[in-house]
>>> print(open('coords_15.csv').read())   # CSV, C-alpha atoms and all ligand atoms
chain,number,residue,atom,x,y,z
A,1,MET,CA,137.7,67.8,104.8
A,2,ALA,CA,135.9,70.9,106.2
A,3,GLN,CA,137.9,74.0,105.6
A,4,GLN,CA,138.4,77.2,107.6
A,5,VAL,CA,138.2,80.5,105.8
A,6,ARG,CA,137.4,84.1,106.6
A,7,GLY,CA,133.8,85.4,106.3
A,8,VAL,CA,131.8,88.6,107.3
A,9,ILE,CA,129.4,87.9,110.1
A,10,ALA,CA,126.5,90.1,111.4
A,11,PRO,CA,126.6,88.9,115.1
A,12,GLY,CA,123.4,90.5,116.4
A,13,LYS,CA,120.8,93.2,115.7
A,14,ASP,CA,122.5,96.5,114.8
A,15,GLU,CA,125.9,95.3,116.0
A,16,PRO,CA,128.9,96.1,113.7
A,17,VAL,CA,129.8,93.3,111.4
A,18,ARG,CA,133.1,91.5,111.8
A,19,THR,CA,135.4,89.2,109.9
A,20,GLU,CA,135.6,85.8,111.6
A,21,THR,CA,136.9,82.4,110.8
A,22,ILE,CA,134.1,80.2,109.5
A,23,VAL,CA,133.9,76.5,108.8
A,24,VAL,CA,132.8,75.4,105.3
A,25,PRO,CA,132.0,71.7,105.1
A,26,ASP,CA,132.6,69.5,102.1
A,27,PRO,CA,129.8,69.6,99.5
A,28,GLY,CA,127.1,67.0,100.0
A,29,PRO,CA,124.9,65.5,97.3
A,30,GLY,CA,123.7,68.3,95.0
A,31,GLU,CA,126.0,70.9,96.6
A,32,ALA,CA,129.1,72.8,95.5
A,33,VAL,CA,131.8,74.8,97.3
A,34,VAL,CA,132.7,78.0,95.5
A,35,ARG,CA,135.8,80.1,95.9
A,36,VAL,CA,134.3,83.6,95.9
A,37,GLN,CA,136.1,86.2,93.8
A,38,ALA,CA,133.8,89.1,94.1
A,39,CYS,CA,130.6,90.0,96.0
A,40,GLY,CA,128.6,93.2,95.8
A,41,VAL,CA,127.2,95.0,98.9
A,42,CYS,CA,123.4,95.1,98.6
A,43,HIS,CA,120.8,96.9,100.7
A,44,THR,CA,119.4,93.5,101.7
A,45,ASP,CA,122.7,92.7,103.5
A,46,LEU,CA,122.3,95.9,105.6
A,47,HIS,CA,118.7,94.9,106.3
A,48,TYR,CA,120.0,91.5,107.6
A,49,LYS,CA,122.4,93.3,109.9
A,50,GLN,CA,119.6,95.6,111.2
A,51,GLY,CA,117.4,92.6,112.0
A,52,GLY,CA,114.8,93.7,109.5
A,53,ILE,CA,114.7,90.3,107.7
A,54,SER,CA,115.0,87.7,110.4
A,55,ASP,CA,116.2,87.2,114.0
A,56,ASP,CA,118.2,84.2,113.0
A,57,PHE,CA,121.6,85.7,114.0
A,58,PRO,CA,124.5,85.3,113.4
A,59,PHE,CA,124.3,85.8,109.6
A,60,LEU,CA,127.0,85.2,107.1
A,61,LEU,CA,126.4,88.2,104.8
A,62,GLY,CA,126.8,88.7,101.1
A,63,HIS,CA,124.7,87.3,98.2
A,64,GLU,CA,125.7,89.1,95.0
A,65,ALA,CA,128.7,87.0,94.0
A,66,ALA,CA,130.8,85.3,91.4
A,67,GLY,CA,133.6,82.8,91.7
A,68,VAL,CA,135.1,79.5,90.8
A,69,VAL,CA,133.6,76.1,91.7
A,70,GLU,CA,136.2,74.3,93.9
A,71,SER,CA,134.4,71.0,94.5
A,72,VAL,CA,131.1,69.4,94.0
A,73,GLY,CA,129.1,66.7,95.8
A,74,ASP,CA,127.6,63.5,94.4
A,75,GLY,CA,125.2,63.7,91.6
A,76,VAL,CA,126.1,67.2,90.5
A,77,THR,CA,126.0,67.6,86.7
A,78,GLU,CA,125.2,71.3,86.3
A,79,VAL,CA,128.8,72.5,87.1
A,80,ALA,CA,132.2,71.1,87.6
A,81,PRO,CA,135.4,72.2,89.5
A,82,GLY,CA,137.1,75.0,87.7
A,83,ASP,CA,133.9,76.5,86.3
A,84,PHE,CA,133.4,80.3,86.6
A,85,VAL,CA,129.9,80.9,88.0
A,86,ILE,CA,127.5,83.5,89.1
A,87,LEU,CA,125.5,82.6,92.3
A,88,ASN,CA,121.8,83.1,92.4
A,89,TRP,CA,119.7,83.2,95.6
A,90,ARG,CA,116.8,81.3,94.2
A,91,ALA,CA,117.6,78.1,92.4
A,92,VAL,CA,114.4,77.6,90.3
A,93,CYS,CA,113.7,74.4,88.5
A,94,GLY,CA,113.1,75.8,85.1
A,95,LYS,CA,110.6,73.1,84.4
A,96,CYS,CA,107.4,73.6,86.4
A,97,ARG,CA,104.3,75.3,85.2
A,98,ALA,CA,105.4,78.7,86.6
A,99,CYS,CA,108.9,78.5,85.1
A,100,LEU,CA,107.6,77.5,81.7
A,101,ARG,CA,105.1,80.4,81.7
A,102,GLY,CA,108.1,82.8,82.1
A,103,ARG,CA,107.4,83.6,85.8
A,104,PRO,CA,110.1,81.7,87.6
A,105,TRP,CA,109.5,83.8,90.7
A,106,TYR,CA,106.5,81.6,91.3
A,107,CYS,CA,108.4,78.3,90.8
A,108,PHE,CA,107.1,75.6,93.1
A,109,ASP,CA,110.3,73.6,93.1
A,110,THR,CA,113.3,75.6,94.3
A,111,HIS,CA,116.6,74.0,95.4
A,112,ASN,CA,118.7,76.2,97.7
A,113,ALA,CA,121.4,74.6,99.9
A,114,GLU,CA,120.8,73.4,103.5
A,115,GLN,CA,122.4,76.0,105.7
A,116,ARG,CA,125.3,74.2,107.4
A,117,MET,CA,128.3,76.5,107.7
A,118,THR,CA,129.4,77.3,111.2
A,119,LEU,CA,131.8,79.4,113.4
A,120,THR,CA,134.8,77.5,114.8
A,121,ASP,CA,132.9,76.9,118.1
A,122,GLY,CA,130.1,75.1,116.1
A,123,THR,CA,127.6,78.0,116.2
A,124,GLU,CA,125.4,77.7,113.1
A,125,LEU,CA,125.5,80.5,110.6
A,126,SER,CA,122.5,81.7,108.6
A,127,PRO,CA,123.8,82.6,105.1
A,128,ALA,CA,122.1,85.8,103.7
A,129,LEU,CA,119.5,84.7,101.1
A,130,GLY,CA,120.9,81.2,101.2
A,131,ILE,CA,124.3,82.2,99.9
A,132,GLY,CA,126.7,83.9,102.4
A,133,ALA,CA,129.4,85.1,100.0
A,134,PHE,CA,131.3,87.8,101.9
A,135,ALA,CA,133.6,84.8,102.5
A,136,GLU,CA,136.6,83.3,100.8
A,137,LYS,CA,134.6,80.2,100.2
A,138,THR,CA,130.9,79.3,100.5
A,139,LEU,CA,128.7,76.2,100.3
A,140,VAL,CA,125.7,76.4,97.9
A,141,ALA,CA,123.3,74.2,96.0
A,142,ALA,CA,124.7,73.3,92.5
A,143,GLY,CA,121.5,74.9,91.1
A,144,GLN,CA,122.6,78.2,92.6
A,145,CYS,CA,125.6,78.2,90.3
A,146,THR,CA,125.4,79.4,86.7
A,147,LYS,CA,128.4,78.9,84.5
A,148,VAL,CA,129.3,82.0,82.4
A,149,ASP,CA,132.1,83.1,80.1
A,150,PRO,CA,135.2,83.6,82.4
A,151,ALA,CA,136.4,86.5,80.3
A,152,VAL,CA,134.1,88.8,82.3
A,153,SER,CA,135.6,90.3,85.5
A,154,PRO,CA,134.3,88.7,88.7
A,155,GLN,CA,133.3,92.2,90.0
A,156,ALA,CA,131.1,92.8,87.0
A,157,ALA,CA,129.7,89.3,86.9
A,158,GLY,CA,128.7,89.2,90.6
A,159,LEU,CA,126.4,92.2,90.2
A,160,LEU,CA,124.1,90.0,88.0
A,161,GLY,CA,123.5,87.9,91.1
A,162,CYS,CA,121.1,90.5,92.6
A,163,GLY,CA,120.5,94.2,92.1
A,164,VAL,CA,121.6,94.7,88.5
A,165,MET,CA,119.6,91.6,87.4
A,166,ALA,CA,116.6,92.8,89.3
A,167,GLY,CA,116.6,96.1,87.4
A,168,ILE,CA,117.5,94.7,83.9
A,169,GLY,CA,114.9,91.9,84.4
A,170,ALA,CA,112.2,94.4,85.5
A,171,ALA,CA,112.6,96.0,82.1
A,172,ILE,CA,113.2,93.0,79.8
A,173,ASN,CA,111.4,90.2,81.6
A,174,THR,CA,108.6,91.7,83.6
A,175,GLY,CA,108.0,94.9,81.6
A,176,ASN,CA,108.6,93.2,78.2
A,177,VAL,CA,110.1,96.5,77.0
A,178,GLY,CA,110.5,96.3,73.2
A,179,ARG,CA,112.0,98.3,70.3
A,180,GLY,CA,110.5,101.8,70.0
A,181,ASP,CA,108.8,101.8,73.4
A,182,SER,CA,108.7,104.7,75.8
A,183,VAL,CA,109.9,103.9,79.3
A,184,ALA,CA,109.9,105.9,82.5
A,185,VAL,CA,112.0,104.8,85.4
A,186,ILE,CA,111.2,106.4,88.8
A,187,GLY,CA,114.1,106.2,91.2
A,188,CYS,CA,117.6,106.0,89.7
A,189,GLY,CA,119.7,104.1,92.3
A,190,GLY,CA,121.5,100.9,91.3
A,191,VAL,CA,118.2,99.1,90.5
A,192,GLY,CA,116.6,101.9,88.6
A,193,ASP,CA,119.8,102.5,86.6
A,194,ALA,CA,119.9,98.8,85.7
A,195,ALA,CA,116.3,99.1,84.5
A,196,ILE,CA,117.5,102.0,82.3
A,197,ALA,CA,120.3,100.0,80.9
A,198,GLY,CA,117.9,97.1,80.3
A,199,SER,CA,115.5,99.3,78.5
A,200,HIS,CA,118.3,100.7,76.4
A,201,LEU,CA,119.4,97.2,75.5
A,202,ALA,CA,115.8,96.3,74.6
A,203,GLY,CA,115.6,99.1,72.1
A,204,ALA,CA,113.4,101.6,73.9
A,205,ALA,CA,113.2,104.8,71.9
A,206,ARG,CA,112.6,107.1,74.9
A,207,ILE,CA,113.8,106.5,78.4
A,208,ILE,CA,112.7,109.1,81.0
A,209,ALA,CA,114.7,109.0,84.2
A,210,VAL,CA,113.0,110.4,87.3
A,211,ASP,CA,114.7,111.1,90.6
A,212,ILE,CA,114.9,113.8,93.3
A,213,ASP,CA,118.7,114.0,93.2
A,214,ASP,CA,120.4,115.7,90.2
A,215,ARG,CA,123.6,113.6,90.7
A,216,LYS,CA,121.5,110.4,90.1
A,217,LEU,CA,120.0,111.9,87.0
A,218,ALA,CA,123.4,112.6,85.6
A,219,THR,CA,124.4,108.9,86.1
A,220,ALA,CA,121.0,107.8,84.7
A,221,ARG,CA,121.9,109.7,81.5
A,222,ALA,CA,125.2,107.8,81.2
A,223,MET,CA,123.3,104.5,81.6
A,224,GLY,CA,121.1,105.4,78.6
A,225,ALA,CA,118.3,107.7,79.8
A,226,THR,CA,117.3,110.1,77.0
A,227,HIS,CA,115.4,112.5,79.2
A,228,THR,CA,115.6,113.4,82.9
A,229,VAL,CA,113.1,114.8,85.4
A,230,ASN,CA,113.8,116.1,88.8
A,231,SER,CA,110.6,115.3,90.6
A,232,ARG,CA,111.4,117.7,93.4
A,233,GLU,CA,111.1,120.6,91.0
A,234,THR,CA,108.7,119.2,88.3
A,235,ASP,CA,105.5,117.1,88.5
A,236,PRO,CA,106.8,113.8,87.1
A,237,VAL,CA,103.4,112.6,85.8
A,238,GLU,CA,102.9,115.8,83.8
A,239,ALA,CA,106.5,115.7,82.5
A,240,ILE,CA,106.3,112.1,81.4
A,241,ARG,CA,103.0,112.7,79.7
A,242,GLU,CA,104.4,115.8,77.9
A,243,LEU,CA,107.4,113.7,76.7
A,244,THR,CA,105.1,111.0,75.3
A,245,GLY,CA,102.8,113.0,73.2
A,246,GLY,CA,100.3,113.4,76.0
A,247,PHE,CA,99.7,109.7,76.6
A,248,GLY,CA,102.1,108.4,79.3
A,249,ALA,CA,104.8,105.9,79.0
A,250,ASP,CA,104.3,102.4,77.5
A,251,VAL,CA,106.2,101.0,80.6
A,252,VAL,CA,106.8,102.7,83.9
A,253,ILE,CA,109.2,101.1,86.3
A,254,GLU,CA,109.0,102.1,90.0
A,255,ALA,CA,112.4,101.5,91.7
A,256,VAL,CA,111.9,103.4,95.0
A,257,GLY,CA,109.3,101.6,97.0
A,258,ARG,CA,107.2,104.5,98.4
A,259,PRO,CA,103.4,105.4,98.2
A,260,GLU,CA,104.0,108.6,96.3
A,261,THR,CA,106.2,107.0,93.7
A,262,TYR,CA,103.8,104.0,93.3
A,263,GLN,CA,101.1,106.6,92.7
A,264,GLN,CA,103.2,108.5,90.2
A,265,ALA,CA,103.9,105.2,88.4
A,266,PHE,CA,100.2,104.4,88.3
A,267,TYR,CA,99.3,107.7,86.6
A,268,ALA,CA,102.4,108.1,84.4
A,269,ARG,CA,101.6,105.1,82.2
A,270,ASP,CA,99.7,105.1,79.0
A,271,LEU,CA,96.1,103.9,79.4
A,272,ALA,CA,97.1,100.5,78.0
A,273,GLY,CA,100.6,100.6,79.5
A,274,THR,CA,102.4,98.5,82.0
A,275,VAL,CA,103.5,99.5,85.5
A,276,VAL,CA,106.4,97.4,86.9
A,277,LEU,CA,106.9,97.6,90.6
A,278,VAL,CA,110.5,96.8,91.7
A,279,GLY,CA,110.8,99.1,94.7
A,280,VAL,CA,110.0,97.2,97.9
A,281,PRO,CA,107.6,99.0,100.3
A,282,THR,CA,107.4,98.5,104.1
A,283,PRO,CA,104.4,96.7,105.7
A,284,GLU,CA,102.7,99.9,107.0
A,285,MET,CA,102.7,101.7,103.6
A,286,LYS,CA,99.3,102.1,101.8
A,287,LEU,CA,98.2,103.4,98.5
A,288,GLU,CA,94.7,104.9,98.0
A,289,LEU,CA,93.4,105.3,94.5
A,290,PRO,CA,90.0,106.2,93.1
A,291,LEU,CA,88.4,102.9,92.0
A,292,LEU,CA,87.2,104.6,88.9
A,293,ASP,CA,90.9,105.2,87.9
A,294,VAL,CA,91.8,101.6,88.7
A,295,PHE,CA,88.9,100.4,86.6
A,296,GLY,CA,89.2,103.1,83.9
A,297,ARG,CA,92.9,102.7,83.2
A,298,GLY,CA,93.6,99.4,81.4
A,299,GLY,CA,97.0,98.0,81.0
A,300,ALA,CA,98.8,96.0,83.6
A,301,LEU,CA,100.2,96.4,87.1
A,302,LYS,CA,103.0,93.9,87.7
A,303,SER,CA,105.5,93.4,90.5
A,304,SER,CA,109.0,92.2,89.6
A,305,TRP,CA,110.8,89.9,92.0
A,306,TYR,CA,114.5,89.3,91.2
A,307,GLY,CA,113.8,90.6,87.7
A,308,ASP,CA,111.7,87.5,87.0
A,309,CYS,CA,115.0,86.0,86.0
A,310,LEU,CA,115.8,82.5,84.9
A,311,PRO,CA,119.5,82.5,85.9
A,312,SER,CA,120.4,79.7,83.4
A,313,ARG,CA,119.0,81.8,80.5
A,314,ASP,CA,119.7,85.4,81.7
A,315,PHE,CA,123.2,85.3,83.4
A,316,PRO,CA,125.1,83.9,80.4
A,317,MET,CA,123.2,86.2,78.0
A,318,LEU,CA,123.9,89.3,79.9
A,319,VAL,CA,127.6,88.4,80.4
A,320,ASP,CA,127.9,87.9,76.6
A,321,LEU,CA,126.2,91.2,75.9
A,322,HIS,CA,128.7,92.8,78.3
A,323,LEU,CA,131.6,91.2,76.6
A,324,GLN,CA,130.4,92.4,73.3
A,325,GLY,CA,130.3,96.0,74.6
A,326,ARG,CA,126.6,96.3,74.5
A,327,LEU,CA,126.0,96.4,78.3
A,328,ASP,CA,128.4,98.2,80.6
A,329,LEU,CA,128.3,96.2,83.9
A,330,GLU,CA,131.5,97.9,85.1
A,331,ALA,CA,129.7,101.2,85.2
A,332,PHE,CA,127.7,99.9,88.2
A,333,VAL,CA,130.9,99.3,90.2
A,334,THR,CA,131.7,102.5,92.2
A,335,GLU,CA,134.5,101.1,94.3
A,336,THR,CA,136.1,97.8,95.1
A,337,ILE,CA,136.8,97.0,98.8
A,338,ALA,CA,138.3,94.3,101.0
A,339,LEU,CA,136.3,91.9,103.2
A,340,ASP,CA,136.8,93.9,106.4
A,341,GLU,CA,135.4,97.1,104.8
A,342,VAL,CA,131.8,96.0,104.5
A,343,ASP,CA,130.6,98.2,107.4
A,344,LYS,CA,132.2,101.2,105.7
A,345,ALA,CA,130.3,100.3,102.5
A,346,PHE,CA,127.0,100.2,104.5
A,347,GLU,CA,127.8,103.8,105.8
A,348,ARG,CA,128.4,105.0,102.2
A,349,MET,CA,125.1,103.6,101.1
A,350,HIS,CA,123.3,106.4,103.0
A,351,HIS,CA,125.2,109.2,101.2
A,352,GLY,CA,123.7,108.3,97.8
A,353,ASP,CA,127.0,108.5,95.9
A,354,VAL,CA,127.5,104.8,95.5
A,355,LEU,CA,125.8,102.5,93.0
A,356,ARG,CA,127.7,99.4,94.2
A,357,SER,CA,130.7,98.7,96.5
A,358,VAL,CA,132.1,95.3,95.6
A,359,VAL,CA,134.2,93.2,97.8
A,360,VAL,CA,137.0,91.7,95.7
A,361,LEU,CA,138.9,88.6,97.1
B,1,LIG,N1,111.1,110.1,93.9
B,1,LIG,C1,112.0,109.8,93.0
B,1,LIG,N2,113.2,109.2,93.4
B,1,LIG,C2,113.4,109.0,94.7
B,1,LIG,C3,112.4,109.3,95.7
B,1,LIG,C4,111.2,110.0,95.3
B,1,LIG,N3,110.3,110.3,96.1
B,1,LIG,N4,112.9,109.0,96.9
B,1,LIG,C5,114.1,108.4,96.7
B,1,LIG,N5,114.4,108.4,95.3
B,1,LIG,C6,115.6,107.9,94.7
B,1,LIG,C7,116.9,108.1,95.4
B,1,LIG,O1,117.4,109.4,95.1
B,1,LIG,C8,117.8,107.0,94.8
B,1,LIG,O2,118.4,107.5,93.6
B,1,LIG,O3,115.5,106.5,94.6
B,1,LIG,C9,116.8,105.9,94.4
B,1,LIG,C10,116.9,104.7,95.3
B,1,LIG,O4,118.1,104.1,95.1
B,1,LIG,P1,118.9,103.2,96.1
B,1,LIG,O5,118.7,103.7,97.5
B,1,LIG,O6,120.3,103.1,95.6
B,1,LIG,O7,118.2,101.8,96.0
B,1,LIG,P2,118.3,100.7,95.0
B,1,LIG,O8,119.4,99.7,95.4
B,1,LIG,O9,118.3,101.2,93.6
B,1,LIG,O10,116.9,99.9,95.2
B,1,LIG,C11,115.7,100.6,94.9
B,1,LIG,O11,114.4,98.6,94.6
B,1,LIG,O12,114.9,96.3,94.8
B,1,LIG,C12,114.4,97.4,95.4
B,1,LIG,O13,114.7,97.0,97.8
B,1,LIG,C13,115.1,97.9,96.7
B,1,LIG,O14,113.2,99.2,97.3
B,1,LIG,C14,114.6,99.2,96.8
B,1,LIG,C15,114.5,99.7,95.4
B,2,ZN,ZN,120.5,91.9,97.0
B,3,ZN,ZN,110.0,75.9,88.5
>>> encode(input="coords_15.csv", output="structure tokens", more="lines below")
Ligand code: APR
Ligand code: ZN
Ligand code: ZN
Amino acid sequence: MAQQVRGVIAPGKDEPVRTETIVVPDPGPGEAVVRVQACGVCHTDLHYKQGGISDDFPFLLGHEAAGVVESVGDGVTEVAPGDFVILNWRAVCGKCRACLRGRPWYCFDTHNAEQRMTLTDGTELSPALGIGAFAEKTLVAAGQCTKVDPAVSPQAAGLLGCGVMAGIGAAINTGNVGRGDSVAVIGCGGVGDAAIAGSHLAGAARIIAVDIDDRKLATARAMGATHTVNSRETDPVEAIRELTGGFGADVVIEAVGRPETYQQAFYARDLAGTVVLVGVPTPEMKLELPLLDVFGRGGALKSSWYGDCLPSRDFPMLVDLHLQGRLDLEAFVTETIALDEVDKAFERMHHGDVLRSVVVL
């Protein structure tokens, strides 16, 4: 039987979001209905509301979530009713050539759910990133559910579904940060801070946090940064070189998405170092570099999508590390809010004092 629950809808470009009754059908073959317990508010939800991602309104927002599987469709073996799961917005196969090479972002065989939730008048909803979890219940593909230890709080677990995974994965999966490495992280919002926490977890000896806002640098220190640089006052490339014996960092993680910070990342790495680009630029942005510098500096320039995560491997591992006290996921939760406070959370995003607002149901 299809069920009626409450969900947060973006009705049209730049219109305020509202909480509406939505219809969640029974799970079909390969699908699961999940009772959502927590869902973080991510910049991408705001971009959906602003029409920056697609014109396919109305959207059912929310994609950074954890909850309990309520029912599953035919042929589902990955999860069962009662399992506590984190949702991922890209159900990779884990078996193709790209997945086996450790680059699941390039998976050729992803399995997200068909989008078939509606409003009560039958209007089809487009779930944000194939999830739509600012809702009491949502319909996803079973492969979008990863079972984790239920001892973790839903609000902490949900964060691994997007931003925090992106940052931690940028460090440990894409950047391959290892014991003793020097790492510089440019931009210390939620994603940059997660990259700092990931680098700390991986045993980096030096973690240099760069931001233009001193409040962000203070938080970065709490996340594990050993040094901080305010790039409004100090040239960050010089500062990073000075802090790394004149060489530059082994791994530089860019978590802003602007030409000047891409350029800083390019020059702040050691000659054989790695640059990991996590910050997403806009289509009109360009970076101009002397070819001799591109040629002359070795190392690697990598982009990191969704932290190059393999949810089945990374979600349970990071939850376990959290439960062991080695990764503080709660530190990313600035506030918990109710479903009908999502618009307020979008406003607070602009003020720069929130890492994550999390809807708790
Ligand atoms: N130099 C250094 N830091 C900067 C600069 C700059 N020129 N401009 C902005 N920042 C800092 C901000 O002060 C803030 O701390 O970058 C941080 C950005 O943080 P958030 O806005 O919270 O964004 P976040 O969620 O962390 O995402 C960062 O990663 O996944 C991508 O799409 C995401 O492009 C975005 C980036
Ligand atoms: Zn997101
Ligand atoms: Zn694959």
>>> closest_residue(input="coords_15.csv", among="A:Leu139, A:Leu217, A:Leu327, A:Cys96", to="ligand LIG 1 (chain B)", atoms="all atoms listed in the file")
A:Leu217
>>> closest_atom_pairs(input="coords_15.csv", of="chain A", to="ligand ZN 3 (chain B)", cutoff="7 Å", atoms="only C-alpha atoms and all ligand atoms", output="tab-separated table")
residue	atom	partner	partner_atom	distance
A:Val92	CA	B:ZN3	ZN	5.0
A:Cys93	CA	B:ZN3	ZN	4.0
A:Gly94	CA	B:ZN3	ZN	4.6
A:Lys95	CA	B:ZN3	ZN	5.0
A:Cys96	CA	B:ZN3	ZN	4.1
A:Arg97	CA	B:ZN3	ZN	6.6
A:Ala98	CA	B:ZN3	ZN	5.7
A:Cys99	CA	B:ZN3	ZN	4.4
A:Pro104	CA	B:ZN3	ZN	5.9
A:Cys107	CA	B:ZN3	ZN	3.7
A:Phe108	CA	B:ZN3	ZN	5.4
A:Asp109	CA	B:ZN3	ZN	5.2
A:Thr110	CA	B:ZN3	ZN	6.7
>>> residues_around(input="coords_15.csv", residues="A:Trp105", least_positions_apart="4", cutoff="9 Å", atoms="only C-alpha atoms", output="PyMOL selection string")
chain A and resi 90+92+98-99+304-310
>>> closest_residue(input="coords_15.csv", among="A:Gly180, A:Gly7, A:Pro311, A:Pro290", to="A:Leu125", atoms="all atoms listed in the file")
A:Gly7
>>> residues_near_ligand(input="coords_15.csv", ligand="ligand LIG 1 (chain B)", cutoff="6 Å", atoms="all atoms listed in the file", output="list in words")
Ile186, Gly187, Cys188, Gly189, Gly190, Val191, Gly192, Val210, Asp211, Ile212, Asp213, Lys216, Ala255, Val256, Gly257, Thr261, Val278, Gly279 and Val280 of chain A
>>> residues_near_ligand(input="coords_15.csv", ligand="ligand ZN 2 (chain B)", cutoff="7 Å", atoms="only C-alpha atoms and all ligand atoms", output="PDB file with C-alpha atoms, in the frame of the given file")
ATOM      1  CA  CYS A  42     123.400  95.100  98.600  1.00  0.00           C
ATOM      2  CA  HIS A  43     120.800  96.900 100.700  1.00  0.00           C
ATOM      3  CA  THR A  44     119.400  93.500 101.700  1.00  0.00           C
ATOM      4  CA  ASP A  45     122.700  92.700 103.500  1.00  0.00           C
ATOM      5  CA  HIS A  63     124.700  87.300  98.200  1.00  0.00           C
ATOM      6  CA  GLU A  64     125.700  89.100  95.000  1.00  0.00           C
ATOM      7  CA  CYS A 162     121.100  90.500  92.600  1.00  0.00           C
ATOM      8  CA  GLY A 163     120.500  94.200  92.100  1.00  0.00           C
TER       9      GLY A 163
END
>>> closest_residue(input="coords_15.csv", among="A:Pro58, A:Pro281, A:Gly352, A:Gly198", to="A:Glu15", atoms="only C-alpha atoms")
A:Pro58
>>> closest_residue(input="coords_15.csv", among="A:Ile86, A:Ala204, A:Ala170, A:Leu329", to="A:Thr146", atoms="only C-alpha atoms")
A:Ile86
>>> atom_distance(input="coords_15.csv", atom1="atom CA of A:Val252", atom2="atom CA of A:Leu277")
8.4 Å
